[in-house]
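Asker: What follows is run12.tsv; its format and atoms are TSV, C-alpha atoms and all ligand atoms.
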chain	number	residue	atom	x	y	z
A	74	MET	CA	151.28	107.18	7.48
A	75	ASN	CA	150.04	103.71	6.87
A	76	ARG	CA	148.16	101.82	9.48
A	77	ASP	CA	146.56	98.45	9.43
A	78	TRP	CA	143.10	99.60	10.44
A	79	GLU	CA	141.65	96.10	10.25
A	80	LEU	CA	144.28	94.78	12.61
A	81	LEU	CA	143.61	97.62	15.03
A	82	LYS	CA	139.87	96.95	14.84
A	83	LYS	CA	140.46	93.29	15.58
A	84	GLU	CA	142.77	94.08	18.46
A	85	TYR	CA	140.13	96.34	20.08
A	86	GLN	CA	137.36	93.83	19.50
A	87	GLU	CA	139.34	91.15	21.27
A	88	LYS	CA	139.89	93.41	24.22
A	89	ILE	CA	136.18	94.19	24.44
A	90	ASN	CA	135.21	90.54	24.14
A	91	ALA	CA	137.63	89.61	26.89
A	92	SER	CA	135.85	91.93	29.41
A	93	MET	CA	134.35	89.76	32.13
A	94	ASP	CA	132.27	92.28	34.04
A	95	LEU	CA	130.83	95.78	33.88
A	96	ALA	CA	133.60	97.42	35.89
A	97	ASN	CA	136.21	95.92	33.60
A	98	LEU	CA	134.30	97.02	30.51
A	99	GLU	CA	133.95	100.56	31.83
A	100	GLN	CA	137.68	100.72	32.38
A	101	LEU	CA	138.23	99.61	28.82
A	102	ARG	CA	135.76	102.20	27.53
A	103	ILE	CA	137.82	104.93	29.17
A	104	GLU	CA	141.01	103.47	27.69
A	105	LEU	CA	139.62	103.32	24.15
A	106	LEU	CA	136.89	105.92	23.85
A	107	GLY	CA	137.68	108.32	26.69
A	108	LYS	CA	139.02	111.83	26.28
A	109	LYS	CA	142.58	110.63	26.72
A	110	GLY	CA	141.82	107.28	25.14
A	111	SER	CA	143.48	105.54	22.20
A	112	ILE	CA	140.99	106.67	19.56
A	113	ASN	CA	141.22	110.28	20.58
A	114	GLY	CA	144.99	109.83	20.44
A	115	LEU	CA	144.66	108.81	16.78
A	116	MET	CA	142.56	111.92	16.11
A	117	GLN	CA	145.38	114.04	17.51
A	118	GLU	CA	147.77	112.51	15.00
A	119	MET	CA	145.68	113.90	12.17
A	120	LYS	CA	147.00	117.45	12.57
A	121	ASN	CA	150.51	116.26	11.69
A	122	LEU	CA	149.39	114.86	8.37
A	123	ALA	CA	149.56	116.42	4.96
A	124	ALA	CA	146.25	117.89	3.77
A	125	ASP	CA	145.64	115.20	1.17
A	126	GLN	CA	145.99	112.45	3.74
A	127	LYS	CA	143.76	113.99	6.37
A	128	LYS	CA	140.44	113.01	4.82
A	129	GLU	CA	141.27	109.37	4.40
A	130	PHE	CA	142.80	109.12	7.85
A	131	GLY	CA	139.80	110.87	9.45
A	132	MET	CA	137.36	108.50	7.79
A	133	ALA	CA	139.37	105.50	8.93
A	134	VAL	CA	139.48	106.69	12.53
A	135	ASN	CA	135.73	107.43	12.48
A	136	ASN	CA	135.04	104.05	11.07
A	137	LEU	CA	137.15	102.49	13.79
A	138	LYS	CA	135.43	104.54	16.48
A	139	GLN	CA	131.93	103.57	15.30
A	140	ASN	CA	132.93	99.97	15.18
A	141	VAL	CA	134.38	100.07	18.68
A	142	GLU	CA	131.28	101.86	20.02
A	143	ALA	CA	128.99	99.27	18.50
A	144	GLN	CA	131.07	96.43	19.89
A	145	PHE	CA	131.16	98.12	23.21
A	146	ASN	CA	127.36	98.59	23.38
A	147	LYS	CA	126.77	94.99	22.38
A	148	LYS	CA	129.10	93.77	25.13
A	149	LEU	CA	127.49	96.11	27.65
A	150	GLU	CA	124.06	94.60	26.99
A	151	GLN	CA	125.45	91.08	27.31
A	152	LEU	CA	127.12	91.80	30.61
A	153	LYS	CA	124.01	93.53	32.03
A	154	GLU	CA	121.91	90.54	31.10
A	155	LEU	CA	124.40	88.18	32.74
A	156	GLN	CA	124.43	90.27	35.89
A	157	LEU	CA	120.62	90.27	36.05
A	158	GLN	CA	120.54	86.48	35.65
A	159	ALA	CA	123.10	86.07	38.42
A	160	GLN	CA	121.10	88.34	40.72
A	161	LEU	CA	117.84	86.51	40.03
A	162	GLU	CA	119.55	83.25	40.76
A	163	LYS	CA	120.91	84.60	44.01
A	164	GLU	CA	117.56	86.00	45.15
A	165	LYS	CA	115.51	82.99	44.24
A	166	ILE	CA	113.16	82.03	47.05
A	167	ASP	CA	112.85	78.39	47.85
A	168	ILE	CA	109.22	78.08	48.88
A	169	THR	CA	109.77	74.51	50.04
A	170	LEU	CA	112.01	75.66	52.92
A	171	PRO	CA	110.37	75.66	56.38
A	172	ALA	CA	109.38	79.16	57.61
A	173	SER	CA	111.36	80.95	60.35
A	174	GLN	CA	109.91	80.50	63.81
A	175	TYR	CA	108.70	83.76	65.31
A	176	LYS	CA	108.82	83.95	69.08
A	177	TYR	CA	106.05	85.90	70.72
A	178	GLY	CA	106.90	88.20	73.60
A	179	THR	CA	104.88	88.06	76.78
A	180	LEU	CA	103.94	90.69	79.32
A	181	HIS	CA	106.17	90.96	82.38
A	182	PRO	CA	104.55	89.09	85.32
A	183	LEU	CA	104.40	92.34	87.28
A	184	THR	CA	102.57	94.01	84.41
A	185	VAL	CA	100.16	91.06	84.27
A	186	VAL	CA	99.35	91.33	87.98
A	187	GLN	CA	99.17	95.13	87.89
A	188	GLN	CA	96.70	95.00	85.00
A	189	GLU	CA	94.58	92.41	86.79
A	190	ILE	CA	94.38	94.55	89.92
A	191	GLU	CA	93.64	97.65	87.85
A	192	ASP	CA	90.83	95.79	86.06
A	193	ILE	CA	89.25	94.80	89.38
A	194	PHE	CA	89.17	98.43	90.52
A	195	VAL	CA	88.14	99.87	87.16
A	196	ALA	CA	85.15	97.46	87.24
A	197	MET	CA	84.20	99.09	90.58
A	198	GLY	CA	84.28	102.54	89.00
A	199	TYR	CA	87.77	103.66	89.96
A	200	SER	CA	90.01	105.77	87.73
A	201	VAL	CA	93.70	104.93	87.26
A	202	VAL	CA	96.06	107.85	88.00
A	203	GLU	CA	99.83	107.95	87.63
A	204	GLY	CA	102.43	110.39	88.93
A	205	PRO	CA	106.14	111.28	88.79
A	206	GLU	CA	108.75	108.86	90.17
A	207	VAL	CA	111.07	111.75	91.08
A	208	GLU	CA	108.80	113.43	93.60
A	209	TYR	CA	108.85	116.39	95.96
A	210	ASP	CA	109.27	115.66	99.65
A	211	LEU	CA	106.09	117.71	99.98
A	212	TYR	CA	103.88	115.09	98.29
A	213	ASN	CA	105.79	112.01	99.39
A	214	PHE	CA	105.94	112.95	103.09
A	215	GLU	CA	104.68	116.37	104.21
A	216	LYS	CA	101.15	116.19	102.84
A	217	ALA	CA	100.89	112.52	103.80
A	218	ASN	CA	101.06	113.57	107.45
A	219	ILE	CA	104.79	112.82	107.77
A	220	PRO	CA	106.48	116.14	108.72
A	221	HIS	CA	110.28	116.47	108.87
A	222	ASP	CA	110.65	115.45	112.50
A	223	HIS	CA	108.22	112.54	112.25
A	224	PRO	CA	109.71	109.23	113.44
A	225	SER	CA	108.08	107.25	110.65
A	226	ARG	CA	110.48	108.83	108.15
A	227	ASP	CA	112.93	106.32	109.58
A	228	MET	CA	110.57	103.52	108.49
A	229	GLN	CA	111.35	104.33	104.89
A	230	ASP	CA	114.98	104.77	103.94
A	231	THR	CA	114.74	107.36	101.26
A	232	LEU	CA	116.84	107.99	98.15
A	233	TYR	CA	117.06	111.79	97.95
A	234	VAL	CA	117.83	113.55	94.66
A	235	ASP	CA	118.42	116.91	96.36
A	236	VAL	CA	117.10	118.75	99.42
A	237	LYS	CA	113.53	118.93	98.10
A	238	ARG	CA	113.25	115.99	95.76
A	239	LEU	CA	113.51	112.23	96.15
A	240	LEU	CA	112.67	108.98	94.42
A	241	ARG	CA	109.17	108.43	95.75
A	242	THR	CA	109.02	105.85	98.52
A	243	GLN	CA	105.29	105.29	98.23
A	244	THR	CA	102.55	105.86	95.67
A	245	THR	CA	100.78	107.77	98.44
A	246	ALA	CA	102.53	110.72	96.77
A	247	ILE	CA	100.16	110.35	93.81
A	248	GLN	CA	97.17	110.31	96.15
A	249	MET	CA	98.35	113.60	97.66
A	250	ARG	CA	98.46	115.10	94.18
A	251	VAL	CA	94.94	113.79	93.50
A	252	LEU	CA	93.65	115.27	96.77
A	253	GLU	CA	95.25	118.63	95.95
A	254	ALA	CA	93.83	118.68	92.42
A	255	GLN	CA	90.36	117.21	93.15
A	256	GLY	CA	89.72	118.19	96.78
A	257	ASN	CA	86.86	120.40	95.62
A	258	LYS	CA	85.41	117.78	93.28
A	259	LEU	CA	84.23	114.94	95.49
A	260	PRO	CA	83.78	112.01	95.52
A	261	ILE	CA	87.27	110.79	94.69
A	262	LYS	CA	87.70	107.17	93.63
A	263	VAL	CA	91.13	106.42	92.23
A	264	ILE	CA	93.89	103.85	92.18
A	265	CYS	CA	97.51	104.92	91.81
A	266	PRO	CA	99.91	102.26	90.50
A	267	GLY	CA	103.64	102.81	90.12
A	268	LYS	CA	107.24	102.02	90.93
A	269	VAL	CA	108.60	103.12	94.30
A	270	TYR	CA	112.16	103.18	95.64
A	271	ARG	CA	113.78	102.57	99.01
A	272	ARG	CA	117.37	102.52	100.16
A	273	ASP	CA	117.37	98.79	100.79
A	274	ASP	CA	119.79	95.91	100.33
A	275	ASP	CA	118.36	93.49	97.80
A	276	ASP	CA	117.68	89.96	98.97
A	277	ALA	CA	115.04	87.29	98.33
A	278	THR	CA	112.26	89.41	99.86
A	279	HIS	CA	113.60	92.98	99.54
A	280	SER	CA	114.22	95.09	96.48
A	281	HIS	CA	115.30	98.74	96.27
A	282	GLN	CA	112.65	99.10	93.58
A	283	PHE	CA	109.18	97.63	93.76
A	284	THR	CA	105.63	98.28	92.62
A	285	GLN	CA	102.73	99.57	94.65
A	286	ILE	CA	99.09	100.09	93.89
A	287	GLU	CA	97.25	102.36	96.26
A	288	GLY	CA	93.54	103.05	96.25
A	289	LEU	CA	91.84	106.16	97.60
A	290	VAL	CA	88.15	106.87	98.12
A	291	VAL	CA	86.88	110.14	99.61
A	292	GLY	CA	83.26	111.13	99.86
A	293	GLU	CA	80.31	111.56	102.17
A	294	GLY	CA	79.58	108.70	104.60
A	295	ILE	CA	82.53	106.46	103.68
A	296	THR	CA	83.10	103.98	106.52
A	297	LEU	CA	85.33	101.11	107.57
A	298	ALA	CA	82.58	98.75	106.33
A	299	ASP	CA	83.06	100.11	102.79
A	300	LEU	CA	86.77	99.47	103.12
A	301	LYS	CA	86.26	95.91	104.32
A	302	GLY	CA	83.79	95.16	101.51
A	303	THR	CA	86.25	96.49	98.95
A	304	LEU	CA	89.10	94.44	100.41
A	305	GLU	CA	87.02	91.24	100.37
A	306	LEU	CA	86.12	91.78	96.75
A	307	LEU	CA	89.76	92.47	95.88
A	308	ALA	CA	91.05	89.40	97.75
A	309	ARG	CA	88.44	87.11	96.19
A	310	SER	CA	89.07	88.45	92.69
A	311	MET	CA	92.81	87.89	93.07
A	312	PHE	CA	92.95	84.64	95.05
A	313	GLY	CA	89.61	82.90	94.57
A	314	PRO	CA	85.99	83.24	95.74
A	315	GLU	CA	86.57	81.31	98.99
A	316	ARG	CA	88.92	83.91	100.47
A	317	GLU	CA	88.21	85.62	103.79
A	318	VAL	CA	89.88	88.81	104.99
A	319	ARG	CA	90.99	89.69	108.50
A	320	LEU	CA	91.77	93.19	109.70
A	321	ARG	CA	94.59	93.68	112.18
A	322	GLN	CA	95.24	96.95	113.96
A	323	SER	CA	98.35	98.68	112.63
A	324	TYR	CA	99.91	102.09	112.17
A	325	PHE	CA	100.38	104.26	109.08
A	326	PRO	CA	100.80	108.04	109.45
A	327	PHE	CA	98.43	108.71	106.56
A	328	THR	CA	95.46	106.76	107.99
A	329	GLU	CA	93.63	106.53	111.33
A	330	PRO	CA	92.64	103.90	112.27
A	331	SER	CA	95.02	101.74	110.23
A	332	GLN	CA	94.85	98.02	109.49
A	333	GLU	CA	97.04	95.33	108.04
A	334	ILE	CA	94.91	93.01	105.97
A	335	ASP	CA	95.37	89.25	106.05
A	336	VAL	CA	93.77	87.00	103.45
A	337	SER	CA	93.01	83.35	104.14
A	338	CYS	CA	95.70	81.22	102.49
A	339	HIS	CA	94.86	80.35	98.88
A	340	VAL	CA	97.22	77.34	98.95
A	341	CYS	CA	95.90	75.43	101.98
A	342	GLY	CA	92.54	77.14	102.36
A	343	GLY	CA	93.40	78.17	105.95
A	344	LYS	CA	94.57	74.85	107.38
A	345	GLY	CA	98.20	75.91	107.52
A	346	CYS	CA	101.05	75.32	105.05
A	347	PRO	CA	104.60	76.59	104.33
A	348	VAL	CA	103.27	79.49	102.20
A	349	CYS	CA	101.25	80.89	105.11
A	350	LYS	CA	103.87	79.70	107.60
A	351	GLY	CA	101.30	77.46	109.23
A	352	SER	CA	98.98	80.31	110.27
A	353	GLY	CA	96.37	79.90	107.53
A	354	TRP	CA	96.59	83.66	106.83
A	355	ILE	CA	98.76	85.74	104.50
A	356	GLU	CA	99.46	89.44	105.04
A	357	ILE	CA	98.76	91.22	101.79
A	358	LEU	CA	97.61	94.81	102.20
A	359	GLY	CA	97.85	97.91	104.30
A	360	SER	CA	94.81	100.11	104.67
A	361	GLY	CA	92.92	102.53	106.84
A	362	MET	CA	90.57	105.47	107.06
A	363	VAL	CA	92.18	108.62	105.67
A	364	HIS	CA	93.58	110.74	108.54
A	365	PRO	CA	91.50	113.91	109.12
A	366	ASN	CA	94.74	115.96	108.97
A	367	VAL	CA	95.31	114.75	105.41
A	368	LEU	CA	91.79	115.72	104.36
A	369	GLU	CA	92.04	119.16	106.01
A	370	GLU	CA	95.43	119.73	104.35
A	371	ALA	CA	93.66	119.22	100.99
A	372	GLY	CA	90.91	121.68	101.98
A	373	ILE	CA	88.30	118.97	102.58
A	374	ASP	CA	85.95	119.35	105.55
A	375	SER	CA	86.78	116.27	107.63
A	376	SER	CA	83.62	116.63	109.74
A	377	LYS	CA	81.52	116.10	106.61
A	378	TYR	CA	83.68	113.88	104.41
A	379	SER	CA	85.68	110.77	105.09
A	380	GLY	CA	87.63	108.28	103.07
A	381	PHE	CA	89.66	105.13	103.03
A	382	ALA	CA	92.98	104.21	101.49
A	383	LEU	CA	94.60	100.88	100.76
A	384	GLY	CA	97.94	99.81	99.37
A	385	VAL	CA	99.06	96.54	97.89
A	386	GLY	CA	102.52	95.38	96.80
A	387	VAL	CA	102.38	94.02	93.26
A	388	GLU	CA	105.53	91.88	93.71
A	389	ARG	CA	104.07	90.30	96.85
A	390	VAL	CA	100.83	89.39	95.07
A	391	ALA	CA	102.72	88.04	92.05
A	392	MET	CA	105.02	85.94	94.27
A	393	LEU	CA	102.05	84.44	96.12
A	394	LYS	CA	100.04	83.89	93.00
A	395	TYR	CA	102.81	82.27	90.96
A	396	GLY	CA	104.72	80.64	93.83
A	397	ILE	CA	107.88	82.70	93.18
A	398	ASP	CA	110.27	82.69	96.12
A	399	ASP	CA	112.78	85.40	95.15
A	400	ILE	CA	111.73	88.98	94.38
A	401	ARG	CA	114.97	89.54	92.42
A	402	ASN	CA	113.63	87.26	89.67
A	403	PHE	CA	111.34	90.09	88.57
A	404	TYR	CA	114.28	92.39	87.86
A	405	ASN	CA	116.92	90.03	86.46
A	406	ASN	CA	115.29	90.02	83.01
A	407	ASN	CA	115.88	86.34	82.51
A	408	VAL	CA	113.69	85.52	79.51
A	409	GLY	CA	113.42	81.88	80.57
A	410	PHE	CA	111.77	83.07	83.78
A	411	LEU	CA	109.68	85.88	82.32
A	412	LYS	CA	108.07	83.90	79.49
A	413	ASN	CA	106.36	81.53	81.93
A	414	TYR	CA	103.87	84.07	83.17
A	415	LYS	CA	100.84	84.78	81.12
A	416	ARG	CA	97.72	86.57	82.08
A	417	PHE	CA	95.11	84.34	83.69
A	418	GLU	CA	91.98	84.34	81.56
A	501	ZN	ZN	98.56	78.05	103.73
Could you render the structure as structure tokens?
Ligand SMILES: [Zn+2]
Answerer:
Amino acid sequence: MNRDWELLKKEYQEKINASMDLANLEQLRIELLGKKGSINGLMQEMKNLAADQKKEFGMAVNNLKQNVEAQFNKKLEQLKELQLQAQLEKEKIDITLPASQYKYGTLHPLTVVQQEIEDIFVAMGYSVVEGPEVEYDLYNFEKANIPHDHPSRDMQDTLYVDVKRLLRTQTTAIQMRVLEAQGNKLPIKVICPGKVYRRDDDDATHSHQFTQIEGLVVGEGITLADLKGTLELLARSMFGPEREVRLRQSYFPFTEPSQEIDVSCHVCGGKGCPVCKGSGWIEILGSGMVHPNVLEEAGIDSSKYSGFALGVGVERVAMLKYGIDDIRNFYNNNVGFLKNYKRFE
């Protein structure tokens, strides 16, 4: 059997040279050098040859195979090099381009105000305590001197989870947990910040979710004067050193006596303006002396110990402070709105 080995060699070389990429070359390698490839096919032909022809034929095929392998390896290196160059070109960094602008996030205005209020209390030696938002009726109402038949349950439309549990309507629930846990370790001096929930239709001044911070102090000889001093300090820290506070008689089941706290208007200084509706005063807090029933319920001797409690709405403070007129803005997550409020330094 006569073959033109040189022609075959040339034919294979041309095929290899024509490969444009690595995938193409690999395919060709399988075609030529693979198990079922052309060169192996030639090897198979050898067994049909006469003995005296086998040696010559075998040498020729081997020679062809070595040549093809060498060509193949050379081409492989070339293509790898080309691919590397192309990749480097693609990944080249143009250091003259302007850098991307990174946008910094800001704290939510409610977080800013909450942290400010917390800082004021922490500076006075209070601890910050948190509690569960899904709360037992027991802590939200019962222990806070609001038994099942109490009319003031109607004051707070409650979102119940089941018969015993609800979304807490007031952070007073945390205070009840503190009293239960620390009733034998007086004095108590804590603030309890957190989200609370009411069954309420949302409008400019109402939200079904809002944020309260309540403060609780229990110890020996705590009086209304201590409460008033604390409230003055709080009002002046939040709204400026000129602020005065005014206590108005009110009713909360958890405290007796109870007071609403008005702060002299920080916009007009007390002369009267739209923010204070012309009165010169803005209602900001609820407070009172802790009801003896609440202390006794926690195992605290109410003839020896007394305490005060106060509660402030974080949204209300933020709205007054920043001049925001719709409470829903806090919950719409409009970045354009939220980014405007940074912590006052
Ligand atoms: Zn005013």
Asker: Distance limit 6 Å, reference ligand ZN 501 (chain A), atoms considered: all atoms listed in the file. Which residues make the cut? Give them as a PyMOL selection string.
Answerer: chain A and resi 338+340-341+343+345-346+348-349+353
Asker: Could you check the closest approach to Asn405 (chain A) for each of A:Cys265, A:Val202, A:His181, A:Lys148 and tell me which residue wins, using all atoms listed in the file?
Answerer: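 Among A:Cys265, A:Val202, A:His181, A:Lys148, it is A:His181 that comes nearest to Asn405 (chain A).
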Asker: Have a look at CA of Glu388 (chain A) and CA of Leu183 (chain A) and let me know their distance in Å, one decimal.
Answerer: 6.5 Å
Asker: Show me a table, sorted first by chain and then by increasing residue number, of the residues of region 183-240 of chain A having an atom at most 10 Å from region 358-381 of chain A, each with its shortest atom pair and the distance in Å to one decimal, counting all atoms listed in the file and written as a Markdown table.
Answerer:
| residue | atom | partner | partner_atom | distance |
| --- | --- | --- | --- | --- |
| A:Glu215 | CA | A:Val367 | CA | 9.6 |
| A:Lys216 | CA | A:Val367 | CA | 6.5 |
| A:Ala217 | CA | A:Val367 | CA | 6.2 |
| A:Asn218 | CA | A:Val367 | CA | 6.2 |
| A:Ile219 | CA | A:Val367 | CA | 10.0 |
Asker: In Å to one decimal, how far is CA of Leu211 (chain A) from CA of Met249 (chain A)?
Answerer: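 That distance, rounded to one decimal, is 9.1 Å.
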